[in-house]
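In what follows, a single structure is set out as structure tokens and then discussed.
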Amino acid sequence: AIAPPVAAQDAQPKSASLDPVVVTAARAPQSFNELTADVTVIGADEIARSGADSLVQLLQRQPGVEISMNGGRGGVSSAFIRGANANHTLVLVDGMRVSSSTTGASTLEAIPLDQIERIEILRGPASSLYGADAVGGVVQVFTRDGGRAFSANASASVGTHATAVGAAGVSGSAGDFRYSVQVAAKKSDGFNAIVDPANFSYNDDRDGYDGRSVTASGTWRWAKDQELTLRAFHSFLDAQYDGGPGFDDRQVTRLSGWSLASANRIGERWRWTLAAGESRDDSVSKTGFGDFPFETRQRQYSWQHDLALSFGDLTLAYERREERVISDSGFPRTRRDTDSALAILRARGGPHALQANLRVDDSDQYGTRTTGSLAYGYAFAPGWRATVGAATAFRAPTFNDLYFPGFSNPDLTPERSRSVEVGLAANGTAGDVRYDARVTGWLNDVSGLIVFACDADFNCAPINAEKARLAGATIAGEMRWRDTTLKASVDLQEPQNRTTGNLLPRRARAHGALAV
């Protein structure tokens with residue numbers, strides 16, 4: 001899924017507004033107050049004021065999101081949304097998938113915060129919008145874009161552990177052409193990730209990181225309502241970690257991608273976006289047992305049509321995703337192609353809002369999967385809205401699950417999810433104070449969970465063996481008074497493995513955040 005660049009540009013919110021425009025919840029711009037989904041928007045001003053030094057740190061403060069880190073900054077990190085597994089979170093950069101087709105993970109730690117203009121977090125299953133893997137939710141990152149006036153930026157900081165960070169960029173326009181270029185670098189000696197000598201992975205050394213990144217975009221408006229946009233990004237990260245005594249274990253990651261999109265208004269009520277792009281995830285684990293390289297490539301194509309109706313909007317789209325494993329991994333199969341068709345209907349009338357999604361994904365590896373969702377919102381009083389929704393989703397098995405030599409199962413089927421949620425939202429002003437609050441409860445049943453199992457002879461392989469029930473509630477609120485913002489959230493949840501009765505690993509029954 002490649003998000004329309006124009007939609008992302010138009011969606012930049014003003015820092016003083018409580019009603020920004022959201023793209024991720026319907027793959028097209030819609031007012032925040034018309035949403036039937038549970039979404040958080042983090043704009044450029046909030047990113048700058050947050051004091052966060054990484055995307056991972058910023059995500060950790062958001063409602064419904066838990067973070068697990070392998071060591072300090074730069075270490076392998078995972079995001080759990082609403083108690084779902086880390087590989088149930090779909091991560092997009094400018095609309096393009098950036099996860100690895102071998103591990104199924106997204107290298108969040110390799111996406112530099114310095115390059116980000118805006119972040120949208122969609123909580124809840126979204127396979128009916130974006131296909132496989134969006135079981136817990138979607139994190140979409142929009143990189144910086146060019147404006148009409150020329151601007152330049154630069155920043156530098158130093159800290160403990162010989163840490164140094166720098167970033168710079170320019171953006172502007174020349175006639176009908178807008179451009180933006182941003183570069184960033186970071187380096188630190190770090191600290192010892194594991195301090196307990198009794199731990200098998202203990203190594204008495206510092207675990208630092210070294211990273212560099214660049215993003216660039218150019219948009220040519222060659223006629224009224226006709227735009228052509230080219231985007232590219234590249235990130236390099238060399239991060240050390242403790243994997244055993246006597247060796248300098250490290251993870252070297254190169255994450256890159258490009259996309260070309262043509263956004264065209266065909267008539268007063270018809271607009272389409274034709275897009276193509278490619279993302280690469282090149283990762284090497286350098287350990288005491290040897291180097292383990294994995295390189296995957298995803299080519300993505302989409303043709304999306306947005307139609308304005310008298311009572312709402314209709315979006316129709318075709319997508320194709322071509323996954324390739326490039327590294328010499330000994331897999332019997334190194335390619336998978338998926339063709340998809342989807343329809344999104346948004347209807348509005350007075351206090352009522354309805355969104356219905358239907359998507360069909362046809363893969364030459366795991367077959368055809370159909371997902372859908374239906375959500376309804378009712379504004380029963382000024383500033384108050386109640387919502388209810390239901391959705392299905394799925395996660396496709398990775399190439400490692402299916403074909404890793406000696407530890408795989410080519411007969412695996414996708415994991416399946418069925419969910420319901422209810423929400424109550426309120427926003428408005430009281431004197432000089434603006435407020436926004438939301439309570440959301442959810443229940444998500446996941447079946448066919450892929451787990452690693454061994455028999456009595458220690459023959460080990462992944463199998464579709466378990467079920468999980470993810471149940472909980474999120475309470476989140478925000479108040480703004482002049483230039484001061486207060487945000488707070490708490491999540492109460494029970495992410496349970498129904499097969500074993502245990503709590504799912506690395507997830508808490510309660511977590512929260514408070515920020516000023």
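Ligands are numbered from 1 in the order shown, residues from 1 within each chain, and chains are lettered A, B, ... in the order they appear in the structure tokens.
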
Report task. Considering only C-alpha atoms, return as an MDAnalysis selection string whatever protein or nucleic-acid residues lie within 12 Å of Ala52 of chain A, sequence-local ones (same chain, fewer than 5 positions apart) excluded. Result -> chainID A and resid 46:47 57:61 73 112:114 515

Requested in this report: Excluding segment 177-186 of chain A and residues on its chain fewer than 4 positions from it, collect all residues at most 6 Å away from it, counting only C-alpha atoms, and give them as a list in words.
Outcome: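 Returned residues: Asp145, Gly146, Ala164, Val165, Gly166, Ala167, Ala168, Gly169, Val170, Ser171, Gly172, Ser173, Asp210, Gly211, Arg212, Ser213, Val214, Thr215, Ala216, Ser217, Gly218, Thr219 and Trp220 of chain A.
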
Query - Selected residue of minimal separation from Val135 of chain A among A:Thr163, A:Ser262, A:Asn444, A:Ser283, counting only C-alpha atoms - result: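 Residue with the minimum atom-to-atom distance to Val135 of chain A: A:Asn444.
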
Report task. Please provide the set of residues having any atom within 6 Å of Asp491 of chain A, restricted to only C-alpha atoms, with same-chain residues fewer than 2 positions apart removed, written as a PyMOL selection string. Result -> chain A and resi 473-474+510-512

Report summary line: Separating atom CA of Val158 of chain A from atom CA of Ala110 of chain A, to the nearest tenth of an Å, is a gap of 19.7 Å

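Distance-wise, atom CA of Val490 of chain A and atom CA of Asp53 of chain A end up 22.6 Å apart.
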
Report summary line: Of A:Asp328, A:Asn85, A:Met69, A:Pro20, the one sitting nearest Gly104 of chain A when using only C-alpha atoms is A:Asn85

For Thr499 of chain A: contacts at 12 Å, only C-alpha atoms, fewer than 2 positions along chain excluded, given as a PDB file with N, CA and C atoms, in the first residue's frame:
ATOM      1  N   VAL A 446      -7.419 -14.295  18.271  1.00  0.00           N
ATOM      2  CA  VAL A 446      -6.475 -14.707  17.236  1.00  0.00           C
ATOM      3  C   VAL A 446      -6.337 -16.212  17.278  1.00  0.00           C
ATOM      4  N   SER A 447      -6.540 -16.865  16.144  1.00  0.00           N
ATOM      5  CA  SER A 447      -6.435 -18.328  16.080  1.00  0.00           C
ATOM      6  C   SER A 447      -5.348 -18.722  15.079  1.00  0.00           C
ATOM      7  N   GLY A 448      -4.875 -19.957  15.221  1.00  0.00           N
ATOM      8  CA  GLY A 448      -3.813 -20.449  14.343  1.00  0.00           C
ATOM      9  C   GLY A 448      -2.489 -19.772  14.585  1.00  0.00           C
ATOM     10  N   LEU A 449      -2.231 -19.313  15.821  1.00  0.00           N
ATOM     11  CA  LEU A 449      -0.965 -18.665  16.132  1.00  0.00           C
ATOM     12  C   LEU A 449       0.207 -19.586  15.795  1.00  0.00           C
ATOM     13  N   VAL A 451       3.674 -20.964  16.435  1.00  0.00           N
ATOM     14  CA  VAL A 451       4.615 -21.095  17.548  1.00  0.00           C
ATOM     15  C   VAL A 451       5.649 -22.157  17.202  1.00  0.00           C
ATOM     16  N   ASN A 464       0.875 -24.168  13.463  1.00  0.00           N
ATOM     17  CA  ASN A 464      -0.325 -23.380  13.792  1.00  0.00           C
ATOM     18  C   ASN A 464      -1.023 -24.054  14.963  1.00  0.00           C
ATOM     19  N   ALA A 465      -0.599 -23.745  16.201  1.00  0.00           N
ATOM     20  CA  ALA A 465      -1.041 -24.573  17.310  1.00  0.00           C
ATOM     21  C   ALA A 465      -1.864 -23.848  18.361  1.00  0.00           C
ATOM     22  N   GLU A 466      -1.804 -22.543  18.431  1.00  0.00           N
ATOM     23  CA  GLU A 466      -2.348 -21.893  19.612  1.00  0.00           C
ATOM     24  C   GLU A 466      -3.352 -20.794  19.270  1.00  0.00           C
ATOM     25  N   LYS A 467      -4.061 -20.369  20.323  1.00  0.00           N
ATOM     26  CA  LYS A 467      -5.033 -19.285  20.218  1.00  0.00           C
ATOM     27  C   LYS A 467      -4.714 -18.225  21.267  1.00  0.00           C
ATOM     28  N   ALA A 468      -5.072 -17.014  20.956  1.00  0.00           N
ATOM     29  CA  ALA A 468      -4.867 -15.921  21.905  1.00  0.00           C
ATOM     30  C   ALA A 468      -6.123 -15.066  21.975  1.00  0.00           C
ATOM     31  N   ARG A 469      -6.370 -14.529  23.146  1.00  0.00           N
ATOM     32  CA  ARG A 469      -7.456 -13.565  23.331  1.00  0.00           C
ATOM     33  C   ARG A 469      -6.844 -12.288  23.873  1.00  0.00           C
ATOM     34  N   GLN A 496      -3.800 -12.873  26.579  1.00  0.00           N
ATOM     35  CA  GLN A 496      -3.652 -14.233  27.106  1.00  0.00           C
ATOM     36  C   GLN A 496      -3.527 -15.269  25.997  1.00  0.00           C
ATOM     37  N   ASN A 497      -2.606 -16.201  26.190  1.00  0.00           N
ATOM     38  CA  ASN A 497      -2.526 -17.387  25.352  1.00  0.00           C
ATOM     39  C   ASN A 497      -3.593 -18.364  25.845  1.00  0.00           C
ATOM     40  N   GLY A 501      -3.019 -20.707  28.826  1.00  0.00           N
ATOM     41  CA  GLY A 501      -3.519 -19.934  29.951  1.00  0.00           C
ATOM     42  C   GLY A 501      -2.555 -18.887  30.451  1.00  0.00           C
ATOM     43  N   ASN A 502      -1.387 -18.763  29.829  1.00  0.00           N
ATOM     44  CA  ASN A 502      -0.372 -17.818  30.283  1.00  0.00           C
ATOM     45  C   ASN A 502      -0.556 -16.449  29.629  1.00  0.00           C
ATOM     46  N   LEU A 503      -0.018 -15.434  30.307  1.00  0.00           N
ATOM     47  CA  LEU A 503       0.065 -14.110  29.714  1.00  0.00           C
ATOM     48  C   LEU A 503       1.071 -14.160  28.579  1.00  0.00           C
ATOM     49  N   LEU A 504       0.775 -13.493  27.476  1.00  0.00           N
ATOM     50  CA  LEU A 504       1.718 -13.459  26.370  1.00  0.00           C
ATOM     51  C   LEU A 504       3.005 -12.776  26.810  1.00  0.00           C
TER      52      LEU A 504
END

Query raised in the report: If you count only C-alpha atoms, which residues fall within 6 Å of Asn264 of chain A, apart from same-chain ones fewer than 6 positions away, as a list in words?
Result: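 Skipping anything fewer than 6 positions along the chain leaves Gln226, Arg271 and Trp272 of chain A.
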
Just the selected residues (all heavy atoms), exported as a PDB file, in the first residue's frame, please.
ATOM      1  N   GLN A 226      -2.724  18.116 -10.736  1.00  0.00           N
ATOM      2  CA  GLN A 226      -1.974  17.020 -11.350  1.00  0.00           C
ATOM      3  C   GLN A 226      -0.547  17.060 -10.785  1.00  0.00           C
ATOM      4  O   GLN A 226       0.176  18.033 -11.018  1.00  0.00           O
ATOM      5  CB  GLN A 226      -1.929  17.146 -12.877  1.00  0.00           C
ATOM      6  CG  GLN A 226      -3.245  17.505 -13.543  1.00  0.00           C
ATOM      7  CD  GLN A 226      -4.292  16.415 -13.408  1.00  0.00           C
ATOM      8  OE1 GLN A 226      -3.988  15.222 -13.467  1.00  0.00           O
ATOM      9  NE2 GLN A 226      -5.544  16.819 -13.233  1.00  0.00           N
ATOM     10  N   ARG A 271     -10.627  11.243  -8.336  1.00  0.00           N
ATOM     11  CA  ARG A 271      -9.191  11.455  -8.216  1.00  0.00           C
ATOM     12  C   ARG A 271      -8.521  10.097  -8.112  1.00  0.00           C
ATOM     13  O   ARG A 271      -8.999   9.209  -7.412  1.00  0.00           O
ATOM     14  CB  ARG A 271      -8.878  12.301  -6.973  1.00  0.00           C
ATOM     15  CG  ARG A 271      -7.404  12.586  -6.744  1.00  0.00           C
ATOM     16  CD  ARG A 271      -7.243  13.511  -5.535  1.00  0.00           C
ATOM     17  NE  ARG A 271      -5.854  13.784  -5.234  1.00  0.00           N
ATOM     18  CZ  ARG A 271      -5.094  13.030  -4.443  1.00  0.00           C
ATOM     19  NH1 ARG A 271      -5.612  11.955  -3.880  1.00  0.00           N
ATOM     20  NH2 ARG A 271      -3.836  13.344  -4.219  1.00  0.00           N
ATOM     21  N   TRP A 272      -7.415   9.933  -8.839  1.00  0.00           N
ATOM     22  CA  TRP A 272      -6.712   8.658  -8.706  1.00  0.00           C
ATOM     23  C   TRP A 272      -5.239   8.893  -8.394  1.00  0.00           C
ATOM     24  O   TRP A 272      -4.677   9.949  -8.663  1.00  0.00           O
ATOM     25  CB  TRP A 272      -6.922   7.758  -9.925  1.00  0.00           C
ATOM     26  CG  TRP A 272      -6.071   8.036 -11.144  1.00  0.00           C
ATOM     27  CD1 TRP A 272      -4.780   8.470 -11.194  1.00  0.00           C
ATOM     28  CD2 TRP A 272      -6.468   7.826 -12.506  1.00  0.00           C
ATOM     29  NE1 TRP A 272      -4.338   8.556 -12.479  1.00  0.00           N
ATOM     30  CE2 TRP A 272      -5.353   8.175 -13.305  1.00  0.00           C
ATOM     31  CE3 TRP A 272      -7.628   7.390 -13.119  1.00  0.00           C
ATOM     32  CZ2 TRP A 272      -5.388   8.087 -14.701  1.00  0.00           C
ATOM     33  CZ3 TRP A 272      -7.650   7.304 -14.494  1.00  0.00           C
ATOM     34  CH2 TRP A 272      -6.553   7.649 -15.274  1.00  0.00           C
TER      35      TRP A 272
END

Query raised in the report: Of the candidates A:Ala453, A:Ala513, A:Leu122, A:Leu35, which one gets nearest to Arg348 of chain A if we count only C-alpha atoms?
Result: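 Using only C-alpha atoms, Arg348 of chain A sits closest to A:Leu35.
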
Shell around Phe80 of chain A at 6 Å using only C-alpha atoms, local window under 4 positions removed, as a PDB file with N, CA and C atoms, in the first residue's frame:
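Result written to selection-v1.pdb:
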ATOM      1  N   VAL A  65       0.441   1.274  23.089  1.00  0.00           N
ATOM      2  CA  VAL A  65       1.699   0.807  22.520  1.00  0.00           C
ATOM      3  C   VAL A  65       2.671   0.429  23.633  1.00  0.00           C
ATOM      4  N   GLU A  66       3.225  -0.789  23.564  1.00  0.00           N
ATOM      5  CA  GLU A  66       4.304  -1.226  24.444  1.00  0.00           C
ATOM      6  C   GLU A  66       5.548  -1.472  23.597  1.00  0.00           C
ATOM      7  N   ALA A  84      -1.084  -7.343  21.032  1.00  0.00           N
ATOM      8  CA  ALA A  84      -0.798  -8.280  19.946  1.00  0.00           C
ATOM      9  C   ALA A  84       0.710  -8.474  19.806  1.00  0.00           C
ATOM     10  N   ASN A  85       1.114  -9.502  19.059  1.00  0.00           N
ATOM     11  CA  ASN A  85       2.527  -9.773  18.849  1.00  0.00           C
ATOM     12  C   ASN A  85       3.196  -8.631  18.086  1.00  0.00           C
ATOM     13  N   ALA A  86       4.528  -8.569  18.178  1.00  0.00           N
ATOM     14  CA  ALA A  86       5.264  -7.517  17.468  1.00  0.00           C
ATOM     15  C   ALA A  86       5.086  -7.643  15.958  1.00  0.00           C
TER      16      ALA A  86
END

Query - Distance query Lys286 of chain A at most 6 Å, only C-alpha atoms, self and fewer than 4 positions along chain excluded, as a list of chain:residue names - result: A:Asp249, A:Arg250, A:Asp291

Written file, previous selection with N, CA, C and O atoms, as a compact mmCIF listing (two decimals), in the first residue's frame:
# COMPACT_ATOMS: atom_id res chain seq x y z
N ASP A 249 29.10 -8.95 19.55
CA ASP A 249 27.89 -9.17 18.75
C ASP A 249 27.32 -7.83 18.29
O ASP A 249 27.29 -6.86 19.05
N ARG A 250 26.82 -7.80 17.05
CA ARG A 250 26.24 -6.57 16.53
C ARG A 250 25.24 -6.88 15.42
O ARG A 250 25.32 -7.92 14.76
N ASP A 291 28.27 -15.08 10.85
CA ASP A 291 27.41 -14.02 10.32
C ASP A 291 26.16 -14.62 9.71
O ASP A 291 26.22 -15.63 9.00

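Distances here use only C-alpha atoms; by that measure, the residue among A:Val360, A:Leu514, A:Leu55, A:Ala375 closest to Gly477 of chain A is A:Leu514.
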
Report task. Using only C-alpha atoms, find the one residue out of A:Glu34, A:Arg507, A:Thr160, A:Ala430 that sits nearest to Gly312 of chain A. Result ->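 Comparing A:Glu34, A:Arg507, A:Thr160, A:Ala430 against Gly312 of chain A, the winner is A:Glu34.
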
**Report entry** Sel. of alpha helix (DSSP H) residues, segment 312-460 of chain A, as a list of chain:residue names
**Finding:** A:Phe399, A:Asn400, A:Asp401, A:Leu402, A:Tyr403

Query raised in the report: Looking at only C-alpha atoms, which of A:Gly431, A:Gly131, A:Gly75, A:Gly147 is the one that sits closest to Asp238 of chain A?
Result: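 Of A:Gly431, A:Gly131, A:Gly75, A:Gly147, the one nearest Asp238 of chain A is A:Gly75, counting only C-alpha atoms.
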
Requested in this report: Go through segment 139-283 of chain A and collect every residue that DSSP, computed from the backbone, puts in strand (DSSP E or B); the answer should be as an MDAnalysis selection string.
Outcome: chainID A and resid 139:143 151:159 163:174 177:191 207:223 226:240 250:267 270:283

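When atom CA of Thr500 of chain A is paired with atom CA of Ile450 of chain A, their separation reads 13.9 Å.
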